[in-house]
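Chemist: This is structure.cif (mmCIF, N, CA and C atoms).
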```
data_final
loop_
_atom_site.label_atom_id
_atom_site.label_comp_id
_atom_site.auth_asym_id
_atom_site.auth_seq_id
_atom_site.Cartn_x
_atom_site.Cartn_y
_atom_site.Cartn_z
N MET A 1 0.83 -1.20 0.00
CA MET A 1 0.00 0.00 0.00
C MET A 1 0.86 1.25 0.00
N SER A 2 1.79 1.37 0.96
CA SER A 2 2.55 2.60 1.08
C SER A 2 3.51 2.82 -0.07
N SER A 3 3.95 1.73 -0.74
CA SER A 3 4.89 1.89 -1.83
C SER A 3 4.21 2.05 -3.18
N SER A 4 2.91 2.00 -3.21
CA SER A 4 2.17 2.12 -4.45
C SER A 4 2.00 3.58 -4.83
N PRO A 5 2.65 4.03 -5.92
CA PRO A 5 2.60 5.45 -6.29
C PRO A 5 1.22 5.95 -6.70
N GLU A 6 0.34 5.06 -7.16
CA GLU A 6 -0.99 5.51 -7.59
C GLU A 6 -1.92 5.78 -6.40
N VAL A 7 -1.58 5.32 -5.22
CA VAL A 7 -2.39 5.58 -4.04
C VAL A 7 -1.81 6.79 -3.32
N LYS A 8 -2.40 7.94 -3.60
CA LYS A 8 -1.89 9.20 -3.05
C LYS A 8 -2.64 9.67 -1.81
N ARG A 9 -3.93 9.33 -1.72
CA ARG A 9 -4.76 9.77 -0.58
C ARG A 9 -5.53 8.58 -0.03
N ILE A 10 -5.36 8.35 1.29
CA ILE A 10 -5.99 7.22 1.95
C ILE A 10 -6.82 7.75 3.12
N ALA A 11 -8.11 7.47 3.12
CA ALA A 11 -8.99 7.89 4.21
C ALA A 11 -8.94 6.88 5.33
N ILE A 12 -8.71 7.37 6.54
CA ILE A 12 -8.78 6.55 7.75
C ILE A 12 -9.45 7.40 8.82
N GLY A 13 -9.88 6.76 9.87
CA GLY A 13 -10.39 7.52 11.01
C GLY A 13 -9.23 8.24 11.69
N ASP A 14 -9.51 9.35 12.31
CA ASP A 14 -8.48 10.09 13.03
C ASP A 14 -8.00 9.24 14.21
N PRO A 15 -6.74 8.80 14.20
CA PRO A 15 -6.24 7.94 15.28
C PRO A 15 -6.27 8.60 16.65
N ASP A 16 -6.33 9.92 16.69
CA ASP A 16 -6.36 10.62 17.97
C ASP A 16 -7.76 10.77 18.54
N SER A 17 -8.79 10.44 17.75
CA SER A 17 -10.13 10.71 18.27
C SER A 17 -11.17 9.61 18.06
N VAL A 18 -10.93 8.64 17.19
CA VAL A 18 -11.93 7.59 16.99
C VAL A 18 -11.28 6.21 17.04
N PRO A 19 -11.96 5.24 17.66
CA PRO A 19 -11.39 3.89 17.76
C PRO A 19 -11.00 3.31 16.41
N PHE A 20 -11.85 3.50 15.42
CA PHE A 20 -11.58 2.98 14.09
C PHE A 20 -10.25 3.49 13.55
N GLY A 21 -9.89 4.72 13.83
CA GLY A 21 -8.60 5.27 13.42
C GLY A 21 -7.44 4.65 14.18
N ARG A 22 -7.64 4.42 15.47
CA ARG A 22 -6.59 3.76 16.27
C ARG A 22 -6.35 2.34 15.77
N TYR A 23 -7.42 1.62 15.42
CA TYR A 23 -7.27 0.26 14.91
C TYR A 23 -6.50 0.27 13.58
N ALA A 24 -6.84 1.20 12.70
CA ALA A 24 -6.16 1.29 11.41
C ALA A 24 -4.67 1.59 11.61
N LYS A 25 -4.37 2.55 12.48
CA LYS A 25 -2.97 2.90 12.74
C LYS A 25 -2.22 1.72 13.34
N GLU A 26 -2.85 1.02 14.28
CA GLU A 26 -2.19 -0.12 14.90
C GLU A 26 -1.89 -1.22 13.87
N ALA A 27 -2.86 -1.52 13.02
CA ALA A 27 -2.66 -2.55 11.99
C ALA A 27 -1.55 -2.14 11.03
N LEU A 28 -1.59 -0.90 10.57
CA LEU A 28 -0.57 -0.43 9.62
C LEU A 28 0.81 -0.36 10.26
N THR A 29 0.87 -0.02 11.54
CA THR A 29 2.14 0.00 12.26
C THR A 29 2.69 -1.42 12.36
N ARG A 30 1.84 -2.38 12.73
CA ARG A 30 2.27 -3.78 12.81
C ARG A 30 2.81 -4.29 11.48
N ALA A 31 2.23 -3.81 10.40
CA ALA A 31 2.65 -4.23 9.06
C ALA A 31 3.86 -3.45 8.55
N GLY A 32 4.31 -2.45 9.32
CA GLY A 32 5.46 -1.64 8.90
C GLY A 32 5.13 -0.63 7.83
N LEU A 33 3.86 -0.26 7.71
CA LEU A 33 3.43 0.66 6.64
C LEU A 33 3.10 2.06 7.14
N TRP A 34 2.91 2.26 8.43
CA TRP A 34 2.42 3.54 8.94
C TRP A 34 3.35 4.70 8.59
N THR A 35 4.66 4.56 8.81
CA THR A 35 5.56 5.69 8.56
C THR A 35 5.61 6.07 7.09
N GLY A 36 5.34 5.16 6.19
CA GLY A 36 5.34 5.46 4.77
C GLY A 36 4.11 6.22 4.30
N LEU A 37 3.16 6.42 5.20
CA LEU A 37 1.92 7.10 4.82
C LEU A 37 1.90 8.58 5.18
N ASP A 38 2.99 9.09 5.70
CA ASP A 38 3.06 10.51 6.09
C ASP A 38 2.56 11.41 4.95
N GLY A 39 1.61 12.27 5.29
CA GLY A 39 1.08 13.23 4.32
C GLY A 39 0.07 12.66 3.35
N ARG A 40 -0.20 11.38 3.44
CA ARG A 40 -1.13 10.76 2.48
C ARG A 40 -2.47 10.38 3.12
N THR A 41 -2.57 10.44 4.43
CA THR A 41 -3.82 10.04 5.09
C THR A 41 -4.76 11.23 5.23
N ILE A 42 -6.01 10.97 4.97
CA ILE A 42 -7.08 11.94 5.16
C ILE A 42 -7.87 11.43 6.36
N HIS A 43 -7.92 12.22 7.43
CA HIS A 43 -8.57 11.77 8.65
C HIS A 43 -10.08 12.05 8.61
N ALA A 44 -10.83 10.98 8.68
CA ALA A 44 -12.30 11.07 8.69
C ALA A 44 -12.79 11.10 10.13
N THR A 45 -13.97 11.66 10.33
CA THR A 45 -14.54 11.73 11.68
C THR A 45 -15.11 10.38 12.12
N ASP A 46 -15.43 9.51 11.17
CA ASP A 46 -15.90 8.17 11.50
C ASP A 46 -15.74 7.28 10.28
N VAL A 47 -16.01 6.01 10.46
CA VAL A 47 -15.80 5.04 9.40
C VAL A 47 -16.69 5.30 8.19
N ARG A 48 -17.90 5.75 8.41
CA ARG A 48 -18.81 6.01 7.29
C ARG A 48 -18.31 7.18 6.44
N GLN A 49 -17.70 8.18 7.07
CA GLN A 49 -17.16 9.29 6.30
C GLN A 49 -16.00 8.80 5.43
N ALA A 50 -15.15 7.93 5.97
CA ALA A 50 -14.05 7.37 5.18
C ALA A 50 -14.60 6.58 3.99
N LEU A 51 -15.63 5.79 4.23
CA LEU A 51 -16.26 5.03 3.16
C LEU A 51 -16.88 5.97 2.12
N ASN A 52 -17.52 7.04 2.56
CA ASN A 52 -18.10 8.01 1.63
C ASN A 52 -17.03 8.66 0.77
N TYR A 53 -15.89 8.99 1.36
CA TYR A 53 -14.78 9.56 0.57
C TYR A 53 -14.39 8.60 -0.55
N ALA A 54 -14.31 7.30 -0.23
CA ALA A 54 -13.96 6.31 -1.25
C ALA A 54 -15.07 6.17 -2.28
N ASP A 55 -16.32 6.11 -1.82
CA ASP A 55 -17.45 5.98 -2.74
C ASP A 55 -17.53 7.15 -3.71
N GLN A 56 -17.19 8.33 -3.25
CA GLN A 56 -17.25 9.53 -4.08
C GLN A 56 -16.01 9.73 -4.95
N GLY A 57 -14.99 8.91 -4.72
CA GLY A 57 -13.75 9.05 -5.48
C GLY A 57 -12.87 10.18 -4.99
N SER A 58 -13.12 10.66 -3.77
CA SER A 58 -12.32 11.75 -3.21
C SER A 58 -10.95 11.28 -2.73
N VAL A 59 -10.81 9.97 -2.51
CA VAL A 59 -9.54 9.37 -2.10
C VAL A 59 -9.28 8.15 -2.98
N ASP A 60 -8.04 7.70 -2.98
CA ASP A 60 -7.69 6.52 -3.76
C ASP A 60 -8.00 5.23 -3.03
N ALA A 61 -8.05 5.30 -1.70
CA ALA A 61 -8.34 4.12 -0.87
C ALA A 61 -8.88 4.59 0.46
N ALA A 62 -9.56 3.71 1.15
CA ALA A 62 -10.05 3.98 2.50
C ALA A 62 -9.94 2.71 3.31
N ILE A 63 -9.63 2.88 4.57
CA ILE A 63 -9.60 1.74 5.47
C ILE A 63 -10.88 1.81 6.30
N VAL A 64 -11.71 0.77 6.16
CA VAL A 64 -12.99 0.72 6.85
C VAL A 64 -13.19 -0.68 7.42
N TYR A 65 -14.16 -0.81 8.30
CA TYR A 65 -14.52 -2.14 8.80
C TYR A 65 -15.10 -2.96 7.65
N ALA A 66 -14.88 -4.26 7.67
CA ALA A 66 -15.44 -5.14 6.64
C ALA A 66 -16.95 -5.03 6.58
N THR A 67 -17.58 -4.83 7.74
CA THR A 67 -19.04 -4.73 7.77
C THR A 67 -19.52 -3.46 7.08
N ASP A 68 -18.73 -2.39 7.13
CA ASP A 68 -19.10 -1.16 6.43
C ASP A 68 -18.83 -1.28 4.94
N ALA A 69 -17.79 -2.02 4.56
CA ALA A 69 -17.49 -2.21 3.15
C ALA A 69 -18.64 -2.88 2.41
N LEU A 70 -19.45 -3.64 3.13
CA LEU A 70 -20.59 -4.33 2.52
C LEU A 70 -21.61 -3.36 1.92
N ILE A 71 -21.65 -2.12 2.42
CA ILE A 71 -22.65 -1.16 1.93
C ILE A 71 -22.07 -0.16 0.93
N ALA A 72 -20.83 -0.35 0.52
CA ALA A 72 -20.22 0.58 -0.44
C ALA A 72 -21.03 0.59 -1.73
N LYS A 73 -21.19 1.78 -2.28
CA LYS A 73 -21.94 1.91 -3.53
C LYS A 73 -21.00 1.82 -4.74
N ASN A 74 -19.88 2.53 -4.70
CA ASN A 74 -18.96 2.57 -5.82
C ASN A 74 -17.58 2.01 -5.49
N ALA A 75 -17.18 2.09 -4.25
CA ALA A 75 -15.87 1.60 -3.84
C ALA A 75 -15.86 0.07 -3.89
N LYS A 76 -14.71 -0.47 -4.21
CA LYS A 76 -14.55 -1.92 -4.28
C LYS A 76 -13.61 -2.37 -3.18
N GLU A 77 -13.94 -3.48 -2.55
CA GLU A 77 -13.09 -4.02 -1.50
C GLU A 77 -11.81 -4.58 -2.12
N LEU A 78 -10.68 -4.17 -1.55
CA LEU A 78 -9.38 -4.59 -2.07
C LEU A 78 -8.77 -5.72 -1.26
N GLY A 79 -9.21 -5.88 -0.03
CA GLY A 79 -8.67 -6.93 0.81
C GLY A 79 -8.44 -6.44 2.22
N GLU A 80 -7.86 -7.30 3.01
CA GLU A 80 -7.63 -6.99 4.42
C GLU A 80 -6.37 -6.15 4.58
N VAL A 81 -6.40 -5.26 5.55
CA VAL A 81 -5.23 -4.43 5.86
C VAL A 81 -4.17 -5.34 6.48
N PRO A 82 -2.94 -5.31 5.94
CA PRO A 82 -1.89 -6.10 6.57
C PRO A 82 -1.74 -5.70 8.03
N GLY A 83 -1.55 -6.66 8.90
CA GLY A 83 -1.41 -6.38 10.32
C GLY A 83 -2.72 -6.37 11.08
N ALA A 84 -3.85 -6.47 10.37
CA ALA A 84 -5.15 -6.39 11.04
C ALA A 84 -5.67 -7.73 11.50
N HIS A 85 -5.13 -8.81 10.98
CA HIS A 85 -5.72 -10.13 11.25
C HIS A 85 -5.70 -10.53 12.72
N ASP A 86 -4.77 -10.01 13.52
CA ASP A 86 -4.78 -10.40 14.92
C ASP A 86 -5.28 -9.31 15.85
N LEU A 87 -5.90 -8.26 15.29
CA LEU A 87 -6.56 -7.27 16.13
C LEU A 87 -7.92 -7.82 16.54
N ARG A 88 -8.26 -7.65 17.78
CA ARG A 88 -9.59 -8.08 18.24
C ARG A 88 -10.37 -6.82 18.59
N ILE A 89 -11.42 -6.58 17.84
CA ILE A 89 -12.26 -5.40 18.03
C ILE A 89 -13.58 -5.89 18.60
N GLU A 90 -13.94 -5.41 19.76
CA GLU A 90 -15.13 -5.89 20.43
C GLU A 90 -16.10 -4.77 20.74
N ALA A 91 -17.37 -5.09 20.63
CA ALA A 91 -18.44 -4.21 21.11
C ALA A 91 -19.15 -4.99 22.21
N VAL A 92 -19.40 -4.34 23.30
CA VAL A 92 -19.96 -5.03 24.47
C VAL A 92 -21.36 -4.51 24.75
N GLY A 93 -22.27 -5.44 25.02
CA GLY A 93 -23.62 -5.10 25.46
C GLY A 93 -23.79 -5.60 26.89
N ALA A 94 -24.37 -4.80 27.72
CA ALA A 94 -24.54 -5.20 29.12
C ALA A 94 -25.85 -4.64 29.65
N ARG A 95 -26.40 -5.34 30.61
CA ARG A 95 -27.58 -4.86 31.31
C ARG A 95 -27.12 -4.44 32.69
N LEU A 96 -27.49 -3.23 33.09
CA LEU A 96 -27.11 -2.75 34.41
C LEU A 96 -27.80 -3.58 35.49
N ALA A 97 -27.06 -3.89 36.54
CA ALA A 97 -27.61 -4.72 37.62
C ALA A 97 -28.84 -4.06 38.24
N ARG A 98 -28.86 -2.75 38.29
CA ARG A 98 -30.00 -2.06 38.91
C ARG A 98 -31.19 -1.89 37.97
N SER A 99 -31.03 -2.30 36.72
CA SER A 99 -32.11 -2.15 35.74
C SER A 99 -33.28 -3.07 36.10
N THR A 100 -34.46 -2.49 36.07
CA THR A 100 -35.66 -3.28 36.33
C THR A 100 -36.46 -3.49 35.04
N VAL A 101 -35.90 -3.04 33.94
CA VAL A 101 -36.58 -3.15 32.66
C VAL A 101 -36.26 -4.50 32.04
N GLY A 102 -37.26 -5.31 31.86
CA GLY A 102 -37.08 -6.63 31.27
C GLY A 102 -36.69 -6.57 29.81
N ALA A 103 -37.00 -5.46 29.15
CA ALA A 103 -36.71 -5.34 27.72
C ALA A 103 -35.22 -5.45 27.44
N SER A 104 -34.39 -4.89 28.30
CA SER A 104 -32.94 -4.95 28.06
C SER A 104 -32.44 -6.39 28.14
N GLN A 105 -32.94 -7.15 29.09
CA GLN A 105 -32.52 -8.56 29.20
C GLN A 105 -33.04 -9.36 28.02
N ARG A 106 -34.28 -9.09 27.60
CA ARG A 106 -34.83 -9.79 26.44
C ARG A 106 -34.01 -9.48 25.19
N PHE A 107 -33.56 -8.23 25.06
CA PHE A 107 -32.73 -7.86 23.91
C PHE A 107 -31.41 -8.63 23.93
N LEU A 108 -30.73 -8.66 25.08
CA LEU A 108 -29.47 -9.39 25.18
C LEU A 108 -29.67 -10.88 24.92
N ASP A 109 -30.78 -11.43 25.41
CA ASP A 109 -31.08 -12.85 25.14
C ASP A 109 -31.28 -13.08 23.65
N HIS A 110 -31.97 -12.15 22.99
CA HIS A 110 -32.19 -12.29 21.54
C HIS A 110 -30.87 -12.21 20.78
N VAL A 111 -30.01 -11.28 21.15
CA VAL A 111 -28.71 -11.13 20.46
C VAL A 111 -27.93 -12.44 20.54
N ALA A 112 -27.98 -13.12 21.67
CA ALA A 112 -27.23 -14.36 21.87
C ALA A 112 -27.96 -15.60 21.35
N SER A 113 -29.20 -15.45 20.90
CA SER A 113 -29.99 -16.58 20.41
C SER A 113 -29.50 -16.99 19.01
N PRO A 114 -29.93 -18.16 18.54
CA PRO A 114 -29.57 -18.57 17.17
C PRO A 114 -30.01 -17.54 16.12
N THR A 115 -31.18 -16.93 16.30
CA THR A 115 -31.66 -15.91 15.35
C THR A 115 -30.75 -14.68 15.38
N GLY A 116 -30.41 -14.22 16.58
CA GLY A 116 -29.53 -13.06 16.72
C GLY A 116 -28.14 -13.34 16.18
N THR A 117 -27.62 -14.51 16.50
CA THR A 117 -26.30 -14.90 16.01
C THR A 117 -26.28 -14.94 14.49
N ALA A 118 -27.32 -15.48 13.88
CA ALA A 118 -27.41 -15.54 12.42
C ALA A 118 -27.45 -14.13 11.82
N ALA A 119 -28.15 -13.22 12.48
CA ALA A 119 -28.22 -11.83 11.98
C ALA A 119 -26.85 -11.18 12.03
N PHE A 120 -26.10 -11.39 13.10
CA PHE A 120 -24.75 -10.83 13.19
C PHE A 120 -23.86 -11.40 12.10
N THR A 121 -23.87 -12.71 11.95
CA THR A 121 -23.02 -13.39 10.98
C THR A 121 -23.35 -12.94 9.56
N ARG A 122 -24.63 -12.80 9.26
CA ARG A 122 -25.07 -12.38 7.93
C ARG A 122 -24.54 -10.99 7.59
N ARG A 123 -24.32 -10.17 8.59
CA ARG A 123 -23.85 -8.80 8.37
C ARG A 123 -22.34 -8.66 8.51
N GLY A 124 -21.63 -9.79 8.60
CA GLY A 124 -20.18 -9.75 8.61
C GLY A 124 -19.54 -9.70 9.99
N PHE A 125 -20.31 -9.82 11.05
CA PHE A 125 -19.78 -9.80 12.41
C PHE A 125 -19.55 -11.23 12.90
N ALA A 126 -18.64 -11.38 13.82
CA ALA A 126 -18.49 -12.67 14.49
C ALA A 126 -19.70 -12.83 15.40
N PRO A 127 -20.10 -14.06 15.65
CA PRO A 127 -21.25 -14.27 16.52
C PRO A 127 -20.98 -13.77 17.94
N PRO A 128 -21.99 -13.23 18.59
CA PRO A 128 -21.81 -12.73 19.96
C PRO A 128 -21.52 -13.88 20.92
N GLN A 129 -20.76 -13.56 21.93
CA GLN A 129 -20.45 -14.55 22.97
C GLN A 129 -20.97 -14.05 24.29
N ARG A 130 -21.41 -14.93 25.14
CA ARG A 130 -21.90 -14.55 26.48
C ARG A 130 -20.83 -14.71 27.48
#
```
Once more with this new file: its structure as structure tokens, please.
Modeler:
Amino acid sequence: MSSSPEVKRIAIGDPDSVPFGRYAKEALTRAGLWTGLDGRTIHATDVRQALNYADQGSVDAAIVYATDALIAKNAKELGEVPGAHDLRIEAVGARLARSTVGASQRFLDHVASPTGTAAFTRRGFAPPQR
């Protein structure tokens, strides 16, 4: 990526302000590519903005979550970012112990059910774990 002369502008999340940017920087650093990107990264406020830049042709490439790449209109998926394969990115759902609302527990139960797991998998996420 960094040695490719045709890739002049790469959209990523701002590593100083959004998790998605920190993940991209960490993966690129692990792959030895981060320092070669000086002056070529365009910092997006979130992953969807980076994807929009790519969809609109405003950048030559964008680093986005695989699940967001699924909704790209014009951008084409090029592959996995080197160094990203051993990053573990987690989203956590929890019910507060003091919560008396049964809806939150029913939601968490649904997410962990076979139906919920299938919905996550269909959208490119790993199945939820309890």
Chemist: Just give me the gap between atom C of Arg22 of chain A and atom C of Trp34 of chain A in Å, one decimal is fine.
Modeler: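 Interatomic distance here is 12.3 Å.
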Chemist: Skip Ala62 of chain A itself and residues of its chain fewer than 3 positions away, then list as a PDB file with N, CA and C atoms, in the coordinates of the input all residues within 6 Å of it, counting all atoms listed in the file.
Modeler:
```pdb
ATOM      1  N   ILE A  10      -5.360   8.350   1.290  1.00  0.00           N
ATOM      2  CA  ILE A  10      -5.990   7.220   1.950  1.00  0.00           C
ATOM      3  C   ILE A  10      -6.820   7.750   3.120  1.00  0.00           C
ATOM      4  N   ALA A  11      -8.110   7.470   3.120  1.00  0.00           N
ATOM      5  CA  ALA A  11      -8.990   7.890   4.210  1.00  0.00           C
ATOM      6  C   ALA A  11      -8.940   6.880   5.330  1.00  0.00           C
ATOM      7  N   ILE A  12      -8.710   7.370   6.540  1.00  0.00           N
ATOM      8  CA  ILE A  12      -8.780   6.550   7.750  1.00  0.00           C
ATOM      9  C   ILE A  12      -9.450   7.400   8.820  1.00  0.00           C
ATOM     10  N   ALA A  50     -15.150   7.930   5.970  1.00  0.00           N
ATOM     11  CA  ALA A  50     -14.050   7.370   5.180  1.00  0.00           C
ATOM     12  C   ALA A  50     -14.600   6.580   3.990  1.00  0.00           C
ATOM     13  N   ALA A  54     -14.310   7.300  -0.230  1.00  0.00           N
ATOM     14  CA  ALA A  54     -13.960   6.310  -1.250  1.00  0.00           C
ATOM     15  C   ALA A  54     -15.070   6.170  -2.280  1.00  0.00           C
TER      16      ALA A  54
END
```
Chemist: Which of chain A counts as strand (DSSP E) under DSSP, as an MDAnalysis selection string please?
Modeler: chainID A and resid 10:13 41:44 61:62
Chemist: DSSP on the backbone, helix (DSSP H, G or I) only: what residues of chain A does that give? Format it as a PyMOL selection string.
Modeler: chain A and resi 19-30+34-37+47-56+66-69+102-112+114-122
Chemist: I need the output of the PyMOL selection byres ((chain A and resi 47) around 6.5) for this file as JSON, numbers by chain; which residues are they?
Modeler: {"A": [13, 20, 44, 45, 46, 48, 49, 50, 51, 52, 64, 65]}
Chemist: Please enumerate the residues selected by the PyMOL selection byres ((chain A and resi 69-81) around 8) when evaluated against the supplied file, formatted as a list in words.
Modeler: Ala27, Leu28, Ala31, Leu51, Asn52, Tyr53, Ala54, Asp55, Gln56, Gly57, Ile63, Val64, Tyr65, Ala66, Thr67, Asp68, Pro82, Gly83, Ala84, His85 and Arg123 of chain A
Chemist: Could you give me the axis-aligned bounding box of segment 65-72 of chain A, with 5 Å of padding per side, as centre plus edge lengths in Å to one decimal, as lines of an AutoDock Vina configuration file?
Modeler:
```
center_x = -18.4
center_y = -2.3
center_z = 3.5
size_x = 18.5
size_y = 15.7
size_z = 20.5
```
Chemist: Which residue is closest to Thr41 of chain A? Choose from A:Lys8, A:Phe125, A:Ser113, A:Ser104 and count only N, CA and C atoms.
Modeler: A:Lys8
Chemist: Pick the closest to Asp14 of chain A from A:Ala61, A:Leu37, A:Ala119, A:Ile42: which is it, counting only N, CA and C atoms?
Modeler: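 Using only N, CA and C atoms, the shortest distance to Asp14 of chain A belongs to A:Ile42.
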Chemist: Just the number, please: distance in Å from atom N of Arg9 of chain A to atom C of Val59 of chain A, one decimal.
Modeler: 5.6 Å
